[in-house]
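Data block below; observations after.
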Amino acid sequence: MLHSFFMLLTFMLLYFGMLGVPDLSAEESVVVYSGRAERLIKPVLDHFQQTTGTTVQLLTAGSTELVNRLRAEGAQSPADVFITNEAGALEMARHLHLLQPITLPTVATTIPTQFRAPDNSWIGLSGRIWIVVYNTNMVDPSTIHSLLDLATPPWKGKLAIPNASSEYLQAGASMVLAAKGEKTADAFLQGIRDNAGNEVYAKNRQIVDAVAKGKVAVGLVNHYYIFRHLGTDPQAPIAPLITDQDNDGIGAIMNVAGIGLTAHAKHMSAANELITFLMSSAGQEMFASINKEYPVNPSIQADPVLPPSSSFRASTIPLTRLAELREPIIQTIERLGLR
């Protein structure tokens, strides 16, 4: 199975040492395991390093791989903090006792409760919405009310989706499962599988590009990929569509990238310093301006190009359910044969 394959691959990489181990020689340092793409997190970490003098030692890999790595390393893990691109992996790490509570007093006043673990062992840093990108020359947006609509026959051959290993696909489908139940989640996954056909992509930016070129009419992506594309090509015939805003809709599926404090952190002072920076106005504004994500700190404004968070209704399903539902969703994805 796909999930088992990734676990096996992770342990093989650990055994042969291919993932590397950060150098711990720097006295003032913090070791970061990051499931976020380096291009998305490194500018923020570089700014922290330059302004504080604390060395950041960064290791990037898939979030699930890093959870497995933390399990394998145990108390010998050099990681001080664990950054992911969605809350499910952080919650999984918490369930496996790989994280410890963040005791910084600013957590309670800076991060709303829906964007952090019950024991504050992880906190959200930036929000993203799983939405529809559509080609403005090919689609009347009034014909799409829900993500579930894209699983229906009219969209056959017109849809692009993330591949089966995408944590965004897994998290989005988990939210559908939580809101609508197993039957609807199965029909949704089967429908988008059939409608996408071969239009399955490893990267969200590839989906946006396919829609912009008219290869497909619509795609499922995190919102910020749309606005980054428009930032470099303002004339591209694409636009975002936030769905599921009707009374019976599940609301916009909002997830968060976040950070957890590892159970065996060796550099607690530096780790807390980094977490404090990422929660601060400076850190939150960098996520907003560089990455076009929504700050989770409500006192920080999102980039003006984004739809204001007050303009849509987000799902109220707790993010902590993502870890609980991940395995059932992965099994469903495998059973249905999504690529």
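By convention here, the chains of the structure tokens are called A, B, ... in the order presented, each chain's residues are numbered starting at 1, and ligands are numbered starting at 1 in the order presented.
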
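The neighbours of A:Leu241 here are the residues that come within 8 Å of it, using only C-alpha atoms and leaving out any residue fewer than 4 positions away in the same chain; they are Ile131, Val132, Val133, Tyr134 and Pro141 of chain A.
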
**Report entry** Which of stretch 52-103 of chain A DSSP labels alpha helix (DSSP H), written as an MDAnalysis selection string
**Finding:** chainID A and resid 52 63:73 87:95

Can you write just those residues out, C-alpha atoms, as a JSON list (two decimals), in the first residue's frame?
[["chain", "number", "residue", "atom", "x", "y", "z"],
["A", 52, "THR", "CA", 19.02, 37.11, 15.85],
["A", 63, "SER", "CA", 6.22, 15.55, 6.44],
["A", 64, "THR", "CA", 5.31, 11.86, 6.80],
["A", 65, "GLU", "CA", 8.94, 10.88, 6.22],
["A", 66, "LEU", "CA", 10.01, 13.26, 8.97],
["A", 67, "VAL", "CA", 7.44, 11.89, 11.42],
["A", 68, "ASN", "CA", 8.88, 8.44, 10.76],
["A", 69, "ARG", "CA", 12.39, 9.78, 11.14],
["A", 70, "LEU", "CA", 11.57, 11.33, 14.52],
["A", 71, "ARG", "CA", 10.13, 7.98, 15.64],
["A", 72, "ALA", "CA", 13.24, 6.12, 14.52],
["A", 73, "GLU", "CA", 15.66, 8.58, 16.13],
["A", 87, "ALA", "CA", -1.82, 20.25, 10.54],
["A", 88, "GLY", "CA", -2.42, 16.52, 10.10],
["A", 89, "ALA", "CA", 1.26, 15.60, 10.27],
["A", 90, "LEU", "CA", 1.75, 17.71, 13.39],
["A", 91, "GLU", "CA", -1.22, 16.10, 15.08],
["A", 92, "MET", "CA", 0.10, 12.68, 14.10],
["A", 93, "ALA", "CA", 3.42, 13.57, 15.72],
["A", 94, "ARG", "CA", 1.59, 14.65, 18.86],
["A", 95, "HIS", "CA", -0.34, 11.36, 19.02]]

Within 12 Å of stretch 249-263 of chain A, which residues of stretch 158-184 of chain A come that close, and what is the closest atom pair and distance in Å for each? Count only C-alpha atoms and give it as JSON lines.
{"residue": "A:Glu167", "atom": "CA", "partner": "A:Asn255", "partner_atom": "CA", "distance": 10.8}
{"residue": "A:Tyr168", "atom": "CA", "partner": "A:Asn255", "partner_atom": "CA", "distance": 8.8}
{"residue": "A:Leu169", "atom": "CA", "partner": "A:Ile253", "partner_atom": "CA", "distance": 11.2}
{"residue": "A:Gln170", "atom": "CA", "partner": "A:Asn255", "partner_atom": "CA", "distance": 11.5}
{"residue": "A:Ala171", "atom": "CA", "partner": "A:Asn255", "partner_atom": "CA", "distance": 8.0}
{"residue": "A:Gly172", "atom": "CA", "partner": "A:Ile253", "partner_atom": "CA", "distance": 6.8}
{"residue": "A:Ala173", "atom": "CA", "partner": "A:Ile253", "partner_atom": "CA", "distance": 9.7}
{"residue": "A:Ser174", "atom": "CA", "partner": "A:Ile253", "partner_atom": "CA", "distance": 10.1}
{"residue": "A:Met175", "atom": "CA", "partner": "A:Ile253", "partner_atom": "CA", "distance": 7.1}
{"residue": "A:Val176", "atom": "CA", "partner": "A:Ile250", "partner_atom": "CA", "distance": 7.7}
{"residue": "A:Leu177", "atom": "CA", "partner": "A:Ile250", "partner_atom": "CA", "distance": 10.5}
{"residue": "A:Ala178", "atom": "CA", "partner": "A:Ile250", "partner_atom": "CA", "distance": 9.5}
{"residue": "A:Ala179", "atom": "CA", "partner": "A:Ile250", "partner_atom": "CA", "distance": 6.3}
{"residue": "A:Lys180", "atom": "CA", "partner": "A:Ile250", "partner_atom": "CA", "distance": 8.1}
{"residue": "A:Gly181", "atom": "CA", "partner": "A:Ile250", "partner_atom": "CA", "distance": 11.6}

Residues from last step as file, N, CA and C atoms, as a short mmCIF file (atom, residue, chain, number, x, y, z; two decimals), in the first residue's frame:
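Okay, this is what ended up in again07.cif:
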data_model
loop_
_atom_site.label_atom_id
_atom_site.label_comp_id
_atom_site.auth_asym_id
_atom_site.auth_seq_id
_atom_site.Cartn_x
_atom_site.Cartn_y
_atom_site.Cartn_z
N GLU A 167 -0.34 15.50 0.47
CA GLU A 167 -0.92 15.72 1.79
C GLU A 167 -2.10 16.68 1.72
N TYR A 168 -2.12 17.54 0.69
CA TYR A 168 -3.25 18.46 0.53
C TYR A 168 -4.50 17.69 0.10
N LEU A 169 -4.33 16.75 -0.81
CA LEU A 169 -5.46 15.91 -1.22
C LEU A 169 -5.96 15.09 -0.04
N GLN A 170 -5.04 14.50 0.71
CA GLN A 170 -5.43 13.68 1.85
C GLN A 170 -6.16 14.51 2.90
N ALA A 171 -5.65 15.72 3.18
CA ALA A 171 -6.29 16.58 4.18
C ALA A 171 -7.65 17.06 3.70
N GLY A 172 -7.75 17.46 2.42
CA GLY A 172 -9.02 17.92 1.90
C GLY A 172 -10.07 16.83 1.92
N ALA A 173 -9.69 15.63 1.49
CA ALA A 173 -10.63 14.51 1.50
C ALA A 173 -11.01 14.12 2.93
N SER A 174 -10.07 14.27 3.87
CA SER A 174 -10.38 13.99 5.28
C SER A 174 -11.45 14.94 5.80
N MET A 175 -11.39 16.20 5.37
CA MET A 175 -12.40 17.17 5.79
C MET A 175 -13.77 16.81 5.20
N VAL A 176 -13.78 16.34 3.95
CA VAL A 176 -15.04 15.89 3.35
C VAL A 176 -15.59 14.70 4.15
N LEU A 177 -14.71 13.77 4.50
CA LEU A 177 -15.12 12.61 5.30
C LEU A 177 -15.71 13.05 6.64
N ALA A 178 -15.04 13.99 7.30
CA ALA A 178 -15.51 14.45 8.61
C ALA A 178 -16.86 15.15 8.51
N ALA A 179 -17.05 15.91 7.43
CA ALA A 179 -18.26 16.71 7.31
C ALA A 179 -19.44 15.93 6.73
N LYS A 180 -19.16 15.04 5.78
CA LYS A 180 -20.24 14.43 5.01
C LYS A 180 -20.33 12.92 5.15
N GLY A 181 -19.33 12.28 5.76
CA GLY A 181 -19.40 10.86 5.95
C GLY A 181 -18.70 10.05 4.87
#

Report summary line: Shortest contact to A:Met138, candidates A:Gly124, A:Gly191, A:Pro304, A:Gly214, atoms counted only C-alpha atoms, goes to A:Gly214

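Candidate residues A:Gly283, A:Pro298, A:Pro318, A:Pro307 were compared for distance to A:Ile41, and the nearest is A:Gly283, using only C-alpha atoms.
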
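In this comparison, which uses only C-alpha atoms, the residue of A:Ile226, A:Gln235, A:Ser146, A:Ala265 approaching A:Asn247 most closely is A:Ser146.
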
Requested in this report: Please indicate the distance in Å from atom CA of A:Asp194 to atom CA of A:Ser142, rounded to one decimal place.
Outcome: 22.7 Å

Query raised in the report: Can you tell me how far atom CA of A:Ile192 sits from atom CA of A:Ala236, in Å to one decimal?
Result: 24.6 Å

Report task. Could you check which of A:Ala212, A:Phe115, A:Ala217, A:Asp140 is closest to A:Lys158, using only C-alpha atoms? Result -> A:Ala217

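Nearest residue to A:Glu199, choosing from A:Ile238, A:Leu338, A:Ala187, A:Leu274 and counting only C-alpha atoms: A:Leu338.
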
Report task. Pull the strand (DSSP E) assignments for stretch 172-267 of chain A out of DSSP run on the backbone, and list those residues as a PyMOL selection string. Result -> chain A and resi 200-201+218-222+238-241+253-262

Written selection (N, CA and C atoms) as an mmCIF file, in the first residue's frame:
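What ended up in result-v7.cif:
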data_model
loop_
_atom_site.group_PDB
_atom_site.id
_atom_site.type_symbol
_atom_site.label_atom_id
_atom_site.label_comp_id
_atom_site.auth_asym_id
_atom_site.auth_seq_id
_atom_site.Cartn_x
_atom_site.Cartn_y
_atom_site.Cartn_z
ATOM 1 N N VAL A 200 -3.165 14.371 -13.495
ATOM 2 C CA VAL A 200 -2.796 14.218 -12.085
ATOM 3 C C VAL A 200 -1.366 14.741 -11.931
ATOM 4 N N TYR A 201 -1.160 15.638 -10.969
ATOM 5 C CA TYR A 201 0.103 16.356 -10.878
ATOM 6 C C TYR A 201 0.727 16.229 -9.486
ATOM 7 N N VAL A 218 -10.535 23.398 -14.820
ATOM 8 C CA VAL A 218 -10.514 23.640 -13.375
ATOM 9 C C VAL A 218 -9.472 22.752 -12.713
ATOM 10 N N GLY A 219 -9.060 23.152 -11.516
ATOM 11 C CA GLY A 219 -8.137 22.339 -10.729
ATOM 12 C C GLY A 219 -8.371 22.559 -9.252
ATOM 13 N N LEU A 220 -7.855 21.645 -8.439
ATOM 14 C CA LEU A 220 -7.931 21.749 -6.979
ATOM 15 C C LEU A 220 -6.543 22.061 -6.435
ATOM 16 N N VAL A 221 -6.413 23.209 -5.757
ATOM 17 C CA VAL A 221 -5.102 23.664 -5.286
ATOM 18 C C VAL A 221 -5.244 24.445 -3.988
ATOM 19 N N ASN A 222 -4.119 24.676 -3.323
ATOM 20 C CA ASN A 222 -4.082 25.659 -2.248
ATOM 21 C C ASN A 222 -4.095 27.056 -2.866
ATOM 22 N N ILE A 238 -6.923 33.016 -15.252
ATOM 23 C CA ILE A 238 -7.280 32.162 -14.124
ATOM 24 C C ILE A 238 -7.838 33.015 -13.000
ATOM 25 N N ALA A 239 -8.619 32.377 -12.149
ATOM 26 C CA ALA A 239 -9.178 33.045 -10.974
ATOM 27 C C ALA A 239 -9.478 31.999 -9.915
ATOM 28 N N PRO A 240 -9.497 32.419 -8.638
ATOM 29 C CA PRO A 240 -9.851 31.502 -7.551
ATOM 30 C C PRO A 240 -11.352 31.468 -7.333
ATOM 31 N N LEU A 241 -11.832 30.345 -6.861
ATOM 32 C CA LEU A 241 -13.250 30.217 -6.509
ATOM 33 C C LEU A 241 -13.348 29.510 -5.163
ATOM 34 N N ILE A 253 -12.351 24.826 3.033
ATOM 35 C CA ILE A 253 -11.450 23.936 3.771
ATOM 36 C C ILE A 253 -10.153 24.674 4.034
ATOM 37 N N MET A 254 -9.969 25.106 5.277
ATOM 38 C CA MET A 254 -8.761 25.837 5.667
ATOM 39 C C MET A 254 -7.871 24.940 6.512
ATOM 40 N N ASN A 255 -6.633 24.840 6.111
ATOM 41 C CA ASN A 255 -5.625 24.084 6.849
ATOM 42 C C ASN A 255 -4.513 25.051 7.220
ATOM 43 N N VAL A 256 -3.560 24.605 8.007
ATOM 44 C CA VAL A 256 -2.452 25.476 8.397
ATOM 45 C C VAL A 256 -1.116 24.766 8.240
ATOM 46 N N ALA A 257 -0.124 25.542 7.846
ATOM 47 C CA ALA A 257 1.262 25.119 8.067
ATOM 48 C C ALA A 257 1.572 25.474 9.510
ATOM 49 N N GLY A 258 2.403 24.669 10.165
ATOM 50 C CA GLY A 258 2.637 24.928 11.574
ATOM 51 C C GLY A 258 3.967 24.400 12.060
ATOM 52 N N ILE A 259 4.177 24.548 13.361
ATOM 53 C CA ILE A 259 5.436 24.158 13.979
ATOM 54 C C ILE A 259 5.163 23.465 15.303
ATOM 55 N N GLY A 260 5.947 22.433 15.593
ATOM 56 C CA GLY A 260 5.864 21.731 16.864
ATOM 57 C C GLY A 260 7.224 21.714 17.541
ATOM 58 N N LEU A 261 7.214 21.660 18.851
ATOM 59 C CA LEU A 261 8.446 21.542 19.639
ATOM 60 C C LEU A 261 8.689 20.066 19.904
ATOM 61 N N THR A 262 9.829 19.559 19.445
ATOM 62 C CA THR A 262 10.069 18.121 19.551
ATOM 63 C C THR A 262 10.261 17.685 20.999
#

Requested in this report: Would you list the contacts of A:Thr113 as a list in words, taking every protein, DNA or RNA residue within 12 Å and counting only C-alpha atoms, but skipping same-chain residues closer than 2 positions in sequence?
Outcome: Val107, Ala108, Thr109, Thr110, Ile111, Phe115, Arg116, Ala117, Pro118, Asp119, Asn120, Trp122, Ile123, Gly124, Val296, Asn297, Pro298, Thr316, Pro318, Leu319 and Thr320 of chain A

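The residue that comes closest to A:Asp186, out of A:Ala202, A:Ala288, A:Ile329, A:Ile242 and on the basis of only C-alpha atoms, is A:Ile329.
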
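Counting from atom CA of A:Lys292, the distance to atom CA of A:Asn85 is 14.0 Å.
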